[in-house]
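Containing PDB, C-alpha atoms, pLDDT in the B column: model.pdb.
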ATOM      1  CA  MET A   1     -37.925 -26.455  28.875  1.00 77.00           C
ATOM      2  CA  SER A   2     -39.421 -27.931  25.720  1.00 87.00           C
ATOM      3  CA  PRO A   3     -37.240 -29.018  22.797  1.00 87.00           C
ATOM      4  CA  LYS A   4     -38.768 -26.315  20.594  1.00 88.00           C
ATOM      5  CA  ARG A   5     -37.843 -23.623  23.095  1.00 90.00           C
ATOM      6  CA  GLN A   6     -34.291 -25.022  23.384  1.00 91.00           C
ATOM      7  CA  ARG A   7     -33.825 -24.876  19.598  1.00 91.00           C
ATOM      8  CA  MET A   8     -35.078 -21.275  19.510  1.00 92.00           C
ATOM      9  CA  THR A   9     -32.702 -20.298  22.316  1.00 92.00           C
ATOM     10  CA  LEU A  10     -29.734 -21.957  20.570  1.00 92.00           C
ATOM     11  CA  ALA A  11     -30.628 -20.354  17.234  1.00 92.00           C
ATOM     12  CA  LEU A  12     -30.885 -16.929  18.877  1.00 92.00           C
ATOM     13  CA  LEU A  13     -27.527 -17.392  20.631  1.00 93.00           C
ATOM     14  CA  ALA A  14     -25.929 -18.478  17.321  1.00 93.00           C
ATOM     15  CA  VAL A  15     -27.251 -15.383  15.550  1.00 94.00           C
ATOM     16  CA  VAL A  16     -25.988 -13.116  18.354  1.00 94.00           C
ATOM     17  CA  ALA A  17     -22.554 -14.808  18.264  1.00 94.00           C
ATOM     18  CA  ILE A  18     -22.285 -14.433  14.481  1.00 94.00           C
ATOM     19  CA  LEU A  19     -23.318 -10.772  14.619  1.00 94.00           C
ATOM     20  CA  GLY A  20     -20.760 -10.149  17.365  1.00 92.00           C
ATOM     21  CA  ALA A  21     -17.990 -11.785  15.320  1.00 92.00           C
ATOM     22  CA  VAL A  22     -18.920  -9.753  12.226  1.00 92.00           C
ATOM     23  CA  LEU A  23     -18.927  -6.491  14.194  1.00 90.00           C
ATOM     24  CA  LEU A  24     -15.531  -7.271  15.733  1.00 88.00           C
ATOM     25  CA  ALA A  25     -14.058  -8.110  12.316  1.00 84.00           C
ATOM     26  CA  MET A  26     -15.471  -4.940  10.771  1.00 82.00           C
ATOM     27  CA  SER A  27     -14.090  -2.737  13.538  1.00 80.00           C
ATOM     28  CA  ALA A  28     -10.635  -4.341  13.236  1.00 76.00           C
ATOM     29  CA  LEU A  29     -10.587  -3.993   9.450  1.00 72.00           C
ATOM     30  CA  GLY A  30     -11.863  -0.427   9.585  1.00 65.00           C
ATOM     31  CA  ASP A  31      -8.791   0.638  11.534  1.00 59.00           C
ATOM     32  CA  GLU A  32      -6.448  -1.009   9.017  1.00 60.00           C
ATOM     33  CA  ALA A  33      -8.113   0.111   5.785  1.00 60.00           C
ATOM     34  CA  ALA A  34      -6.047   2.488   3.715  1.00 66.00           C
ATOM     35  CA  PHE A  35      -7.521   4.045   0.608  1.00 80.00           C
ATOM     36  CA  PHE A  36      -5.405   4.461  -2.506  1.00 83.00           C
ATOM     37  CA  TYR A  37      -5.002   7.888  -4.125  1.00 86.00           C
ATOM     38  CA  ALA A  38      -3.209   9.029  -7.253  1.00 88.00           C
ATOM     39  CA  PRO A  39      -1.587  12.487  -7.216  1.00 89.00           C
ATOM     40  CA  ALA A  40      -4.480  13.875  -9.309  1.00 87.00           C
ATOM     41  CA  ASP A  41      -6.887  12.768  -6.542  1.00 85.00           C
ATOM     42  CA  ALA A  42      -4.822  14.263  -3.706  1.00 83.00           C
ATOM     43  CA  ALA A  43      -7.034  17.354  -3.386  1.00 82.00           C
ATOM     44  CA  ALA A  44      -9.956  15.139  -2.348  1.00 83.00           C
ATOM     45  CA  ALA A  45      -7.890  13.043   0.087  1.00 84.00           C
ATOM     46  CA  PRO A  46      -8.455  13.343   3.838  1.00 85.00           C
ATOM     47  CA  ILE A  47      -5.834  15.092   5.979  1.00 88.00           C
ATOM     48  CA  ASP A  48      -4.100  13.036   8.719  1.00 84.00           C
ATOM     49  CA  LYS A  49      -5.845   9.750   7.840  1.00 87.00           C
ATOM     50  CA  PRO A  50      -3.894   6.631   6.807  1.00 87.00           C
ATOM     51  CA  VAL A  51      -3.932   6.334   3.006  1.00 88.00           C
ATOM     52  CA  ARG A  52      -1.761   5.129   0.151  1.00 89.00           C
ATOM     53  CA  LEU A  53      -0.346   7.379  -2.539  1.00 89.00           C
ATOM     54  CA  GLY A  54       0.720   5.728  -5.775  1.00 88.00           C
ATOM     55  CA  GLY A  55       2.442   6.889  -8.926  1.00 89.00           C
ATOM     56  CA  MET A  56       5.845   7.334 -10.475  1.00 89.00           C
ATOM     57  CA  VAL A  57       8.867   8.926  -8.793  1.00 90.00           C
ATOM     58  CA  ALA A  58       9.473  12.099 -10.804  1.00 90.00           C
ATOM     59  CA  ALA A  59      12.843  12.317 -12.538  1.00 90.00           C
ATOM     60  CA  GLY A  60      15.309  14.567 -10.707  1.00 91.00           C
ATOM     61  CA  SER A  61      13.127  14.862  -7.615  1.00 91.00           C
ATOM     62  CA  VAL A  62      14.884  12.590  -5.094  1.00 91.00           C
ATOM     63  CA  ARG A  63      16.729  14.596  -2.424  1.00 92.00           C
ATOM     64  CA  ARG A  64      18.494  12.912   0.492  1.00 90.00           C
ATOM     65  CA  ALA A  65      18.823  14.791   3.792  1.00 90.00           C
ATOM     66  CA  SER A  66      22.127  15.092   5.600  1.00 90.00           C
ATOM     67  CA  ASP A  67      20.923  12.720   8.351  1.00 88.00           C
ATOM     68  CA  GLY A  68      21.234   9.852   5.831  1.00 83.00           C
ATOM     69  CA  VAL A  69      17.759   8.534   6.567  1.00 89.00           C
ATOM     70  CA  THR A  70      15.265  11.142   5.372  1.00 92.00           C
ATOM     71  CA  ILE A  71      14.495  11.525   1.698  1.00 94.00           C
ATOM     72  CA  ARG A  72      12.188  13.874  -0.162  1.00 94.00           C
ATOM     73  CA  PHE A  73      10.834  13.161  -3.615  1.00 94.00           C
ATOM     74  CA  THR A  74       7.870  13.898  -5.836  1.00 93.00           C
ATOM     75  CA  VAL A  75       5.236  11.394  -6.942  1.00 91.00           C
ATOM     76  CA  THR A  76       3.492  12.054 -10.243  1.00 89.00           C
ATOM     77  CA  ASP A  77       0.799  10.456 -12.366  1.00 87.00           C
ATOM     78  CA  GLY A  78       1.348  12.689 -15.374  1.00 84.00           C
ATOM     79  CA  LYS A  79      -1.495  15.020 -14.363  1.00 87.00           C
ATOM     80  CA  ALA A  80      -0.385  16.224 -10.927  1.00 89.00           C
ATOM     81  CA  THR A  81       2.503  15.915  -8.480  1.00 90.00           C
ATOM     82  CA  VAL A  82       2.682  15.482  -4.711  1.00 92.00           C
ATOM     83  CA  PRO A  83       5.806  16.097  -2.587  1.00 94.00           C
ATOM     84  CA  VAL A  84       6.614  13.186  -0.275  1.00 94.00           C
ATOM     85  CA  ARG A  85       8.849  12.971   2.805  1.00 94.00           C
ATOM     86  CA  PHE A  86      10.026   9.597   4.103  1.00 94.00           C
ATOM     87  CA  ALA A  87      12.368   8.724   6.956  1.00 92.00           C
ATOM     88  CA  GLY A  88      13.672   5.186   6.819  1.00 89.00           C
ATOM     89  CA  ILE A  89      15.352   2.627   4.619  1.00 88.00           C
ATOM     90  CA  VAL A  90      14.141   2.767   1.031  1.00 86.00           C
ATOM     91  CA  PRO A  91      13.509  -0.433  -0.969  1.00 86.00           C
ATOM     92  CA  ASP A  92      16.165  -1.592  -3.440  1.00 83.00           C
ATOM     93  CA  LEU A  93      13.864  -0.989  -6.419  1.00 83.00           C
ATOM     94  CA  PHE A  94      13.181   2.629  -5.418  1.00 85.00           C
ATOM     95  CA  ARG A  95      14.585   5.048  -8.001  1.00 86.00           C
ATOM     96  CA  GLU A  96      13.580   7.954 -10.171  1.00 87.00           C
ATOM     97  CA  GLY A  97      11.220   6.998 -12.967  1.00 85.00           C
ATOM     98  CA  SER A  98       9.969   3.851 -11.228  1.00 85.00           C
ATOM     99  CA  GLY A  99       6.627   3.121  -9.629  1.00 87.00           C
ATOM    100  CA  VAL A 100       6.076   3.627  -5.922  1.00 89.00           C
ATOM    101  CA  VAL A 101       3.289   3.227  -3.394  1.00 89.00           C
ATOM    102  CA  ALA A 102       3.758   5.326  -0.258  1.00 90.00           C
ATOM    103  CA  GLU A 103       1.750   4.482   2.849  1.00 91.00           C
ATOM    104  CA  GLY A 104       1.213   7.413   5.181  1.00 92.00           C
ATOM    105  CA  ARG A 105      -0.799  10.608   5.595  1.00 92.00           C
ATOM    106  CA  PHE A 106      -1.504  13.772   3.657  1.00 91.00           C
ATOM    107  CA  VAL A 107      -0.591  16.916   5.601  1.00 91.00           C
ATOM    108  CA  GLN A 108      -1.731  20.529   5.409  1.00 88.00           C
ATOM    109  CA  GLY A 109      -0.260  22.306   2.417  1.00 83.00           C
ATOM    110  CA  GLY A 110      -0.547  19.387  -0.002  1.00 81.00           C
ATOM    111  CA  GLY A 111       2.411  17.285   1.100  1.00 90.00           C
ATOM    112  CA  PHE A 112       2.544  13.622   2.075  1.00 93.00           C
ATOM    113  CA  VAL A 113       4.448  12.036   4.975  1.00 94.00           C
ATOM    114  CA  ALA A 114       5.173   8.385   4.266  1.00 93.00           C
ATOM    115  CA  ASP A 115       5.593   5.720   6.943  1.00 92.00           C
ATOM    116  CA  ASN A 116       6.382   2.963   4.450  1.00 91.00           C
ATOM    117  CA  LEU A 117       7.470   2.783   0.805  1.00 91.00           C
ATOM    118  CA  LEU A 118       6.671  -0.020  -1.596  1.00 87.00           C
ATOM    119  CA  ALA A 119       8.667   0.093  -4.825  1.00 81.00           C
ATOM    120  CA  LYS A 120       6.983  -1.342  -7.877  1.00 70.00           C
ATOM    121  CA  HIS A 121       8.569  -2.803 -10.968  1.00 64.00           C
ATOM    122  CA  ASP A 122       7.078  -2.868 -14.421  1.00 58.00           C
ATOM    123  CA  GLU A 123       5.430  -5.869 -16.048  1.00 54.00           C
ATOM    124  CA  ARG A 124       8.663  -6.725 -17.875  1.00 57.00           C
ATOM    125  CA  TYR A 125      10.529  -7.417 -14.615  1.00 52.00           C
ATOM    126  CA  MET A 126      12.484 -10.650 -14.528  1.00 51.00           C
ATOM    127  CA  PRO A 127      14.785 -11.932 -11.765  1.00 51.00           C
ATOM    128  CA  PRO A 128      18.466 -11.560 -12.758  1.00 56.00           C
ATOM    129  CA  GLN A 129      19.059 -15.322 -12.615  1.00 48.00           C
ATOM    130  CA  VAL A 130      16.270 -16.043 -15.100  1.00 50.00           C
ATOM    131  CA  ALA A 131      17.165 -13.088 -17.307  1.00 50.00           C
ATOM    132  CA  GLY A 132      20.755 -14.338 -17.599  1.00 51.00           C
ATOM    133  CA  LYS A 133      19.606 -17.807 -18.644  1.00 47.00           C
ATOM    134  CA  MET A 134      17.185 -16.391 -21.200  1.00 47.00           C
ATOM    135  CA  HIS A 135      19.891 -14.305 -22.839  1.00 47.00           C
ATOM    136  CA  LYS A 136      22.138 -17.331 -23.125  1.00 48.00           C
ATOM    137  CA  SER A 137      19.618 -19.859 -24.407  1.00 45.00           C
ATOM    138  CA  GLU A 138      16.591 -17.786 -25.559  1.00 49.00           C
ATOM    139  CA  SER A 139      14.346 -19.799 -23.182  1.00 47.00           C
ATOM    140  CA  ILE A 140      13.938 -20.041 -19.441  1.00 50.00           C
ATOM    141  CA  GLU A 141      14.477 -23.807 -19.378  1.00 52.00           C
ATOM    142  CA  PRO A 142      17.885 -24.921 -18.026  1.00 51.00           C
TER     143      PRO A 142
END

Here is a file; write its structure as structure tokens.
Amino acid sequence: MSPKRQRMTLALLAVVAILGAVLLAMSALGDEAAFFYAPADAAAAPIDKPVRLGGMVAAGSVRRASDGVTIRFTVTDGKATVPVRFAGIVPDLFREGSGVVAEGRFVQGGGFVADNLLAKHDERYMPPQVAGKMHKSESIEP
């Protein structure tokens, strides 16, 4: 086999290997992709597909079930609301009036079943240790 033919064969094998790696990565990422929807966009969201729902927990909407694990609450963006059901341990920052991102699926009838909750804090959040030092000295330096 001539050197020119060897280089062509190696180049072709490299291209095939790269294409194979890209296709494998795309198929793996496609299964894990979760689109983000606000409550106002919920009508256009797919049913029974993994997505994320984000907004604020509506005041007075958190209801805990008697089993001690399941909670129901409403997520709002100021334009629309979506009822959410979650079974599991809620994050410490989860409370009415705070931001939340729920990972799960929309179900028939306009509800959302969450598999995971991510509580969000506002941009003014500060760890308690730093906040205490700031109040004492008006700076974050020790």

Task: Non-local contacts of Leu117 (chain A) (10 Å; only C-alpha atoms; under 4 positions in same chain excluded) as a PyMOL selection string - done: chain A and resi 52-54+86-91+94+100-104

Task: Non-local contacts of Ser98 (chain A) (7 Å; all atoms listed in the file; under 3 positions in same chain excluded) as a list in words - done: Met56, Val57, Phe94, Arg95, Lys120 and His121 of chain A

Task: Point-to-point distance from CA of Phe106 (chain A) to CA of Ala42 (chain A), Å rounded to tenths - done: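 Atom-to-atom, CA of Phe106 (chain A) to CA of Ala42 (chain A), that is 8.1 Å.
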
Open item on the list: As an exercise, work out the distance from CA of Pro46 (chain A) to CA of Gly109 (chain A) in Å and give it to one decimal place.
Closed with: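 We find that CA of Pro46 (chain A) and CA of Gly109 (chain A) lie 12.2 Å from each other.
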
- [ ] Determine, counting only C-alpha atoms, which protein, DNA and RNA residues have an atom within 12 Å of an atom of Gln108 (chain A); residues of the same chain fewer than 2 positions away are not included. Present the result as a list in words.
- [x]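 Close residues of Gln108 (chain A): Ala42, Ala43, Ala45, Pro46, Ile47, Asp48, Lys49, Pro83, Arg105, Phe106, Gly110, Gly111, Phe112 and Val113 of chain A.
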
Task: Shortest interatomic distance to Pro39 (chain A) - which of A:Met26, A:Ala80, A:Gly99, A:Asn116, counting all atoms listed in the file - done: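 The closest residue to Pro39 (chain A) is A:Ala80.
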
TODO: Kindly give the distance, in Å, that separates CA of Ala65 (chain A) and CA of Ala114 (chain A), rounded to a single decimal.
DONE: 15.1 Å

Open item on the list: Going by the chain IDs and residue numbers used in this file, which residues fall under the PyMOL selection byres ((chain A and resi 72) around 7)? Write them as a ChimeraX atom specification.
Closed with: /A:62-64,70-71,73,84-86
